[in-house]
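Peer 1: For reference, the file target-v7.txt (compact mmCIF, C-alpha atoms) is included below:
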# COMPACT_ATOMS: atom_id res chain seq x y z
CA MET A 1 14.40 20.22 18.34
CA GLU A 2 11.54 18.36 16.65
CA LYS A 3 11.56 18.75 12.87
CA THR A 4 8.56 20.32 11.17
CA VAL A 5 6.35 18.27 8.87
CA GLN A 6 7.78 20.09 5.86
CA GLU A 7 11.32 19.35 6.98
CA LYS A 8 10.46 15.66 7.34
CA ILE A 9 8.88 15.66 3.88
CA ASP A 10 11.97 17.31 2.38
CA LEU A 11 14.26 14.74 4.03
CA THR A 12 12.09 11.87 2.76
CA VAL A 13 12.14 13.29 -0.76
CA GLN A 14 15.93 13.49 -0.63
CA TRP A 15 16.07 9.94 0.72
CA ILE A 16 14.05 8.73 -2.27
CA ARG A 17 16.48 10.48 -4.64
CA ASP A 18 19.45 8.92 -2.87
CA VAL A 19 17.99 5.40 -2.98
CA VAL A 20 17.15 5.65 -6.67
CA LYS A 21 20.59 7.02 -7.49
CA GLY A 22 22.24 4.25 -5.47
CA SER A 23 20.18 1.60 -7.26
CA GLY A 24 21.21 2.80 -10.73
CA THR A 25 17.57 3.13 -11.79
CA ASN A 26 15.82 5.97 -13.57
CA GLY A 27 12.89 6.92 -11.34
CA VAL A 28 10.00 5.65 -9.24
CA LEU A 29 6.41 4.54 -9.76
CA VAL A 30 3.54 3.78 -7.40
CA GLY A 31 0.15 2.15 -7.69
CA ILE A 32 -2.45 4.85 -6.98
CA SER A 33 -5.51 3.34 -5.32
CA GLY A 34 -7.49 6.46 -4.51
CA GLY A 35 -6.58 6.11 -0.82
CA ILE A 36 -4.56 8.43 1.37
CA ASP A 37 -1.42 6.31 1.70
CA SER A 38 -0.78 5.95 -2.03
CA ALA A 39 -1.71 9.64 -2.43
CA VAL A 40 1.06 10.71 -0.06
CA VAL A 41 3.60 8.42 -1.73
CA ALA A 42 2.62 9.71 -5.18
CA CYS A 43 3.21 13.29 -4.01
CA LEU A 44 6.58 12.36 -2.52
CA ILE A 45 7.91 10.60 -5.61
CA LYS A 46 6.67 13.41 -7.83
CA ARG A 47 8.66 15.88 -5.75
CA ALA A 48 11.69 13.60 -5.81
CA PHE A 49 11.55 13.02 -9.58
CA PRO A 50 9.33 15.57 -11.33
CA ASP A 51 10.07 14.07 -14.77
CA ASN A 52 10.69 10.44 -13.81
CA SER A 53 7.79 9.45 -11.59
CA LEU A 54 4.61 7.63 -12.51
CA GLY A 55 1.29 6.67 -10.99
CA VAL A 56 -0.44 3.51 -12.17
CA ILE A 57 -4.15 3.02 -11.52
CA LEU A 58 -5.09 -0.67 -11.43
CA PRO A 59 -8.85 -1.30 -11.26
CA CYS A 60 -9.91 -4.89 -10.60
CA LYS A 61 -13.68 -5.17 -10.11
CA SER A 62 -13.21 -1.91 -8.22
CA ASN A 63 -15.62 0.78 -7.11
CA PRO A 64 -15.49 3.47 -9.85
CA LYS A 65 -14.96 6.09 -7.12
CA ASP A 66 -11.52 4.60 -6.43
CA ALA A 67 -10.32 5.47 -9.92
CA GLN A 68 -12.00 8.88 -9.77
CA ASP A 69 -10.17 9.72 -6.55
CA ALA A 70 -6.91 8.37 -7.96
CA ILE A 71 -7.22 10.61 -11.00
CA ALA A 72 -8.10 13.59 -8.77
CA LEU A 73 -4.91 12.96 -6.80
CA ALA A 74 -2.77 12.62 -9.92
CA ASP A 75 -4.16 15.88 -11.27
CA ALA A 76 -3.63 17.65 -7.94
CA CYS A 77 0.02 16.67 -7.58
CA GLY A 78 0.80 16.75 -11.30
CA ILE A 79 2.16 13.22 -11.54
CA GLU A 80 1.99 11.41 -14.88
CA TYR A 81 -0.39 8.45 -14.72
CA PHE A 82 -2.20 5.83 -16.73
CA THR A 83 -4.73 3.08 -16.06
CA ILE A 84 -4.42 -0.67 -16.60
CA ASP A 85 -7.64 -2.54 -15.84
CA ILE A 86 -6.74 -6.07 -14.71
CA THR A 87 -10.30 -7.32 -14.14
CA GLU A 88 -10.25 -9.59 -17.19
CA GLU A 89 -6.88 -11.10 -16.25
CA HIS A 90 -8.07 -11.73 -12.70
CA ASP A 91 -11.26 -13.39 -13.92
CA LEU A 92 -9.31 -15.62 -16.28
CA LEU A 93 -6.74 -16.76 -13.71
CA TYR A 94 -9.08 -17.06 -10.73
CA GLY A 95 -11.61 -18.88 -12.87
CA GLN A 96 -8.97 -21.50 -13.73
CA ILE A 97 -8.05 -21.83 -10.06
CA GLN A 98 -11.67 -22.39 -9.08
CA ARG A 99 -12.15 -25.03 -11.77
CA ARG A 100 -9.03 -26.92 -10.68
CA LEU A 101 -10.16 -26.84 -7.05
CA GLU A 102 -13.71 -27.98 -7.72
CA GLY A 103 -14.67 -30.58 -5.15
CA LYS A 104 -11.88 -29.57 -2.77
CA ASN A 105 -12.41 -28.22 0.75
CA ILE A 106 -12.13 -24.46 0.15
CA LEU A 107 -11.25 -22.68 3.40
CA ASN A 108 -11.25 -18.99 2.44
CA GLU A 109 -12.35 -18.21 -1.09
CA ARG A 110 -12.80 -14.48 -0.49
CA LEU A 111 -9.26 -14.09 0.86
CA ALA A 112 -7.78 -16.05 -2.03
CA ASP A 113 -9.68 -13.85 -4.48
CA ALA A 114 -8.62 -10.62 -2.74
CA ASN A 115 -4.95 -11.57 -2.39
CA LEU A 116 -4.78 -12.59 -6.04
CA ARG A 117 -5.94 -9.09 -6.98
CA ALA A 118 -3.16 -7.57 -4.87
CA ARG A 119 -0.55 -9.90 -6.36
CA LEU A 120 -1.68 -9.22 -9.93
CA ARG A 121 -1.33 -5.51 -9.18
CA MET A 122 2.21 -6.11 -7.89
CA SER A 123 3.14 -8.08 -11.02
CA THR A 124 1.74 -5.36 -13.23
CA LEU A 125 3.64 -2.61 -11.40
CA TYR A 126 6.88 -4.55 -11.80
CA GLY A 127 6.11 -5.13 -15.47
CA VAL A 128 5.89 -1.38 -15.92
CA GLY A 129 8.77 -0.62 -13.57
CA ASN A 130 11.17 -3.07 -15.19
CA SER A 131 10.28 -1.69 -18.61
CA LEU A 132 11.11 1.88 -17.59
CA GLY A 133 13.94 1.12 -15.18
CA TYR A 134 11.89 2.48 -12.25
CA LEU A 135 11.75 1.33 -8.64
CA VAL A 136 8.34 0.35 -7.26
CA ALA A 137 7.32 2.37 -4.21
CA GLY A 138 5.15 0.80 -1.51
CA THR A 139 2.39 2.55 0.38
CA ASP A 140 2.29 0.79 3.75
CA ASN A 141 2.46 2.93 6.89
CA ARG A 142 3.87 2.00 10.30
CA ALA A 143 0.53 0.70 11.62
CA GLU A 144 -0.01 -1.57 8.61
CA ILE A 145 3.51 -2.95 8.77
CA HIS A 146 3.26 -3.71 12.49
CA THR A 147 -0.06 -5.54 12.13
CA GLY A 148 0.83 -7.21 8.84
CA TYR A 149 -2.11 -5.53 7.16
CA PHE A 150 -0.78 -6.03 3.65
CA THR A 151 -0.68 -8.88 1.18
CA LYS A 152 2.53 -10.89 1.17
CA TYR A 153 4.06 -10.55 -2.31
CA GLY A 154 1.17 -8.22 -3.14
CA ASP A 155 1.22 -4.63 -1.91
CA GLY A 156 4.06 -5.84 0.33
CA GLY A 157 6.15 -6.65 -2.75
CA VAL A 158 7.96 -3.38 -3.38
CA ASP A 159 11.43 -1.82 -3.58
CA ILE A 160 11.05 1.11 -1.19
CA ILE A 161 8.49 2.11 1.47
CA PRO A 162 8.68 5.91 1.91
CA ILE A 163 6.02 6.17 4.66
CA CYS A 164 6.94 3.07 6.69
CA ASN A 165 7.76 5.19 9.75
CA LEU A 166 4.53 7.20 9.72
CA LEU A 167 1.64 6.46 12.03
CA LYS A 168 -1.71 6.50 10.25
CA ARG A 169 -2.56 9.85 11.81
CA ASP A 170 0.78 11.22 10.59
CA VAL A 171 -0.13 10.19 7.05
CA SER A 172 -3.17 12.48 7.28
CA VAL A 173 -1.00 15.38 8.46
CA TRP A 174 1.46 14.86 5.61
CA ALA A 175 -1.43 14.56 3.13
CA LYS A 176 -2.73 17.99 4.10
CA GLU A 177 0.76 19.48 3.86
CA LEU A 178 1.23 17.93 0.40
CA GLY A 179 -2.11 19.20 -0.92
CA VAL A 180 -3.92 15.88 -1.23
CA PRO A 181 -7.60 16.49 -2.10
CA ALA A 182 -9.95 16.50 0.91
CA GLN A 183 -12.13 13.77 -0.62
CA ILE A 184 -9.19 11.37 -0.28
CA ILE A 185 -8.13 12.47 3.20
CA GLU A 186 -11.67 12.05 4.53
CA ARG A 187 -12.57 8.67 3.03
CA ASP A 188 -12.64 5.53 5.17
CA PRO A 189 -9.39 3.53 4.79
CA SER A 190 -10.03 0.53 2.55
CA ALA A 191 -7.98 -1.82 0.42
CA GLY A 192 -10.99 -2.08 -1.89
CA LEU A 193 -10.73 -5.85 -2.03
CA TRP A 194 -14.48 -6.54 -1.81
CA GLU A 195 -17.74 -4.63 -1.55
CA GLY A 196 -18.06 -2.79 1.76
CA GLN A 197 -14.57 -3.76 2.93
CA THR A 198 -12.80 -1.33 5.25
CA ASP A 199 -9.44 -1.74 6.98
CA GLU A 200 -10.76 -1.21 10.49
CA LEU A 201 -13.72 -3.56 10.15
CA GLU A 202 -11.44 -6.28 8.83
CA MET A 203 -8.80 -5.82 11.53
CA GLY A 204 -11.30 -5.52 14.37
CA THR A 205 -9.66 -2.42 15.81
CA THR A 206 -8.98 1.16 14.72
CA TYR A 207 -5.93 2.95 13.41
CA ASP A 208 -6.14 5.31 16.38
CA MET A 209 -5.80 2.33 18.71
CA ILE A 210 -2.86 0.94 16.72
CA ASP A 211 -1.15 4.33 16.65
CA ASP A 212 -1.58 4.74 20.41
CA TYR A 213 -0.27 1.22 20.99
CA LEU A 214 2.83 1.96 18.91
CA LEU A 215 3.38 5.12 20.95
CA GLY A 216 3.22 3.12 24.18
CA LYS A 217 -0.07 4.64 25.32
CA ALA A 218 -2.72 2.79 27.32
CA ILE A 219 -5.47 1.23 25.20
CA PRO A 220 -8.31 -1.19 26.05
CA ASP A 221 -7.21 -4.77 26.68
CA GLN A 222 -9.41 -6.05 23.85
CA ASP A 223 -7.69 -3.83 21.29
CA ARG A 224 -4.24 -4.62 22.68
CA ALA A 225 -4.95 -8.34 22.31
CA ILE A 226 -6.06 -7.90 18.69
CA ILE A 227 -3.00 -5.83 17.76
CA GLU A 228 -0.59 -8.26 19.41
CA ARG A 229 -2.28 -11.22 17.73
CA LEU A 230 -2.11 -9.55 14.33
CA HIS A 231 1.56 -8.74 14.85
CA LYS A 232 2.42 -12.28 15.94
CA ASN A 233 0.48 -13.96 13.15
CA SER A 234 2.08 -11.73 10.49
CA MET A 235 5.71 -12.19 11.52
CA HIS A 236 6.32 -14.21 8.35
CA LYS A 237 5.40 -11.20 6.24
CA ARG A 238 8.25 -9.16 7.69
CA SER A 239 10.93 -11.85 7.28
CA MET A 240 12.56 -13.81 4.52
CA PRO A 241 10.96 -17.23 3.97
CA PRO A 242 12.45 -19.82 6.36
CA GLY A 243 15.04 -22.34 5.27
CA PRO A 244 16.73 -25.25 6.98
CA PRO A 245 19.94 -24.76 8.98
CA ILE A 246 23.30 -25.39 7.34
CA PHE A 247 23.95 -29.10 7.83
Please express what this file holds, its structure, as structure tokens.
Peer 2:
Amino acid sequence: MEKTVQEKIDLTVQWIRDVVKGSGTNGVLVGISGGIDSAVVACLIKRAFPDNSLGVILPCKSNPKDAQDAIALADACGIEYFTIDITEEHDLLYGQIQRRLEGKNILNERLADANLRARLRMSTLYGVGNSLGYLVAGTDNRAEIHTGYFTKYGDGGVDIIPICNLLKRDVSVWAKELGVPAQIIERDPSAGLWEGQTDELEMGTTYDMIDDYLLGKAIPDQDRAIIERLHKNSMHKRSMPPGPPIF
């Protein structure tokens, strides 16, 4: 018989406890972005470790609404949180990169800028996590993992991924069950990497199409081609870096 949403949540919470215990660490933290995926993970780790879980809000030239929604989520689920603004650090490092590359043929400046933000966030989360003896929880769902819609060694650089088996639409169902504020559930999915950026605009397809594809349902050929191209091009993100054979 199919398990209820609450049963699946309870099993995931227990899984988190088991992984942390097996790792010999003290708890779990997550970067709270103001989006639905990190909201669900924050609720899960809070349930798993009421006194040893943490949310970290990491603005970097971000829309102020992101932090407002992140705080609303933290208040709703009762997780301890704090904010580390990394805008200045990003400006300093990316400014040096730009100066060193002056005169070079720059292929994708916006992507380099955006991925650096994600990787600085990852480094900051591990700085906090190592200090406290906490694991870092990731927030990628099944659709994002399949398409590679995450930054390699950025938001993809984590210890555990509690919602990796959830379709995007399942994340919304879990969010409602966990009491995530409606303002977060209803907002357009976005990594917040530049002004006006949304996940679906950047990918060229929708989460509904990706979810249906993963379920084996029929979808338009154009969307199928996009999803399969994204999956193929992101294979390296789901594997260890290649090395030569043993000679």
Peer 1: Taking only residues of segment 66-102 of chain A that have an atom at most 9 Å from an atom of segment 14-37 of chain A, what is each one's shortest atom pair and its distance in Å to one decimal, using only C-alpha atoms, in chain and number order, as JSON lines?
Peer 2:
{"residue": "A:Asp66", "atom": "CA", "partner": "A:Gly34", "partner_atom": "CA", "distance": 4.8}
{"residue": "A:Ala67", "atom": "CA", "partner": "A:Gly34", "partner_atom": "CA", "distance": 6.2}
{"residue": "A:Gln68", "atom": "CA", "partner": "A:Gly34", "partner_atom": "CA", "distance": 7.3}
{"residue": "A:Asp69", "atom": "CA", "partner": "A:Gly34", "partner_atom": "CA", "distance": 4.7}
{"residue": "A:Ala70", "atom": "CA", "partner": "A:Gly34", "partner_atom": "CA", "distance": 4.0}
{"residue": "A:Ile71", "atom": "CA", "partner": "A:Gly34", "partner_atom": "CA", "distance": 7.7}
{"residue": "A:Ala72", "atom": "CA", "partner": "A:Gly34", "partner_atom": "CA", "distance": 8.3}
{"residue": "A:Leu73", "atom": "CA", "partner": "A:Gly34", "partner_atom": "CA", "distance": 7.4}
{"residue": "A:Ala74", "atom": "CA", "partner": "A:Ile32", "partner_atom": "CA", "distance": 8.3}
{"residue": "A:Tyr81", "atom": "CA", "partner": "A:Ile32", "partner_atom": "CA", "distance": 8.8}
Peer 1: Could you save the residues just selected, with C-alpha atoms, as an mmCIF file, keeping the file's coordinate frame?
Peer 2:
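Output (part-v7.cif):
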data_model
loop_
_atom_site.group_PDB
_atom_site.id
_atom_site.type_symbol
_atom_site.label_atom_id
_atom_site.label_comp_id
_atom_site.auth_asym_id
_atom_site.auth_seq_id
_atom_site.Cartn_x
_atom_site.Cartn_y
_atom_site.Cartn_z
ATOM 1 C CA ASP A 66 -11.520 4.600 -6.430
ATOM 2 C CA ALA A 67 -10.320 5.470 -9.920
ATOM 3 C CA GLN A 68 -12.000 8.880 -9.770
ATOM 4 C CA ASP A 69 -10.170 9.720 -6.550
ATOM 5 C CA ALA A 70 -6.910 8.370 -7.960
ATOM 6 C CA ILE A 71 -7.220 10.610 -11.000
ATOM 7 C CA ALA A 72 -8.100 13.590 -8.770
ATOM 8 C CA LEU A 73 -4.910 12.960 -6.800
ATOM 9 C CA ALA A 74 -2.770 12.620 -9.920
ATOM 10 C CA TYR A 81 -0.390 8.450 -14.720
#
Peer 1: May I have the residues within 9 Å of Tyr126 of chain A as an MDAnalysis selection string, using only C-alpha atoms and disregarding those fewer than 6 positions away in the same chain?
Peer 2: chainID A and resid 134:136 158
Peer 1: Within 10 Å of (5.0, -12.0, 0.9), in the coordinates the file gives, what residues turn up when you count all atoms listed in the file, written out as a JSON list (two decimals) with C-alpha atoms, in the frame of the given file?
Peer 2:
[["chain", "number", "residue", "atom", "x", "y", "z"],
["A", 119, "ARG", "CA", -0.55, -9.90, -6.36],
["A", 150, "PHE", "CA", -0.78, -6.03, 3.65],
["A", 151, "THR", "CA", -0.68, -8.88, 1.18],
["A", 152, "LYS", "CA", 2.53, -10.89, 1.17],
["A", 153, "TYR", "CA", 4.06, -10.55, -2.31],
["A", 154, "GLY", "CA", 1.17, -8.22, -3.14],
["A", 155, "ASP", "CA", 1.22, -4.63, -1.91],
["A", 156, "GLY", "CA", 4.06, -5.84, 0.33],
["A", 157, "GLY", "CA", 6.15, -6.65, -2.75],
["A", 236, "HIS", "CA", 6.32, -14.21, 8.35],
["A", 237, "LYS", "CA", 5.40, -11.20, 6.24],
["A", 238, "ARG", "CA", 8.25, -9.16, 7.69],
["A", 239, "SER", "CA", 10.93, -11.85, 7.28],
["A", 240, "MET", "CA", 12.56, -13.81, 4.52],
["A", 241, "PRO", "CA", 10.96, -17.23, 3.97]]
Peer 1: May I ask which of the residues A:Val128, A:Leu215, A:Ile145, A:Leu166 is the closest one to Lys232 of chain A, counting only C-alpha atoms?
Peer 2: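 Of all the options, A:Ile145 lies closest to Lys232 of chain A.
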Peer 1: Please compute the atom CA of Val173 of chain A-atom CA of Val40 of chain A distance, one decimal, in Å.
Peer 2: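 A separation of 9.9 Å between them.
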Peer 1: When you count only C-alpha atoms, which of these residues is closest to Arg110 of chain A: A:Gln98, A:Thr124, A:Ser38, A:Asn130?
Peer 2: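 Answer, going by the shortest atom-to-atom distance: A:Gln98.
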Peer 1: To one decimal in Å, tell me the separation between atom CA of Glu200 of chain A and atom CA of Leu120 of chain A.
Peer 2: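 So the two atoms, atom CA of Glu200 of chain A and atom CA of Leu120 of chain A, lie 23.7 Å apart.
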Peer 1: How many Å separate atom CA of Glu144 of chain A from atom CA of Leu111 of chain A?
Peer 2: 17.4 Å
Peer 1: Kindly list the centre and edge lengths in Å, rounded to one decimal, for the axis-aligned box that covers all listed atoms of segment 119-137 of chain A plus 4 Å on each of its six sides, as JSON.
Peer 2:
{"center_x": 6.1, "center_y": -3.7, "center_z": -11.4, "size_x": 23.6, "size_y": 20.4, "size_z": 22.4}
Peer 1: In terms of the shortest atom-to-atom distance over only C-alpha atoms, which of A:Glu80, A:Asp188, A:Glu2, A:Asp159 is closest to Ser53 of chain A?
Peer 2: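 Closest to Ser53 of chain A, using only C-alpha atoms: A:Glu80.
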Peer 1: With only C-alpha atoms as the atoms that count, which of A:Arg142, A:His90, A:Arg229, A:Lys176 lies nearest to Asp211 of chain A?
Peer 2: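 Of A:Arg142, A:His90, A:Arg229, A:Lys176, the one nearest Asp211 of chain A is A:Arg142, counting only C-alpha atoms.
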Peer 1: Go through A:Met1, A:Leu107, A:Ala114, A:Met209 and flag the residue nearest Ala225 of chain A, using all atoms listed in the file for the distances.
Peer 2: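 Looking only at the distances to Ala225 of chain A, the closest residue turns out to be A:Met209.
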Peer 1: Would you mind telling me which residue in A:Ala218, A:Ile210, A:Gly148, A:Asn165 lies nearest to Met235 of chain A when using all atoms listed in the file?
Peer 2: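 Checking each candidate against Met235 of chain A, we get A:Gly148 as the closest.
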Peer 1: With only C-alpha atoms as the counted atoms, please give the residues lying no more than 12 Å from Thr205 of chain A, apart from itself and same-chain residues fewer than 5 positions off, as a ChimeraX atom specification.
Peer 2: /A:143,147,149,198-200,210-213,219-230
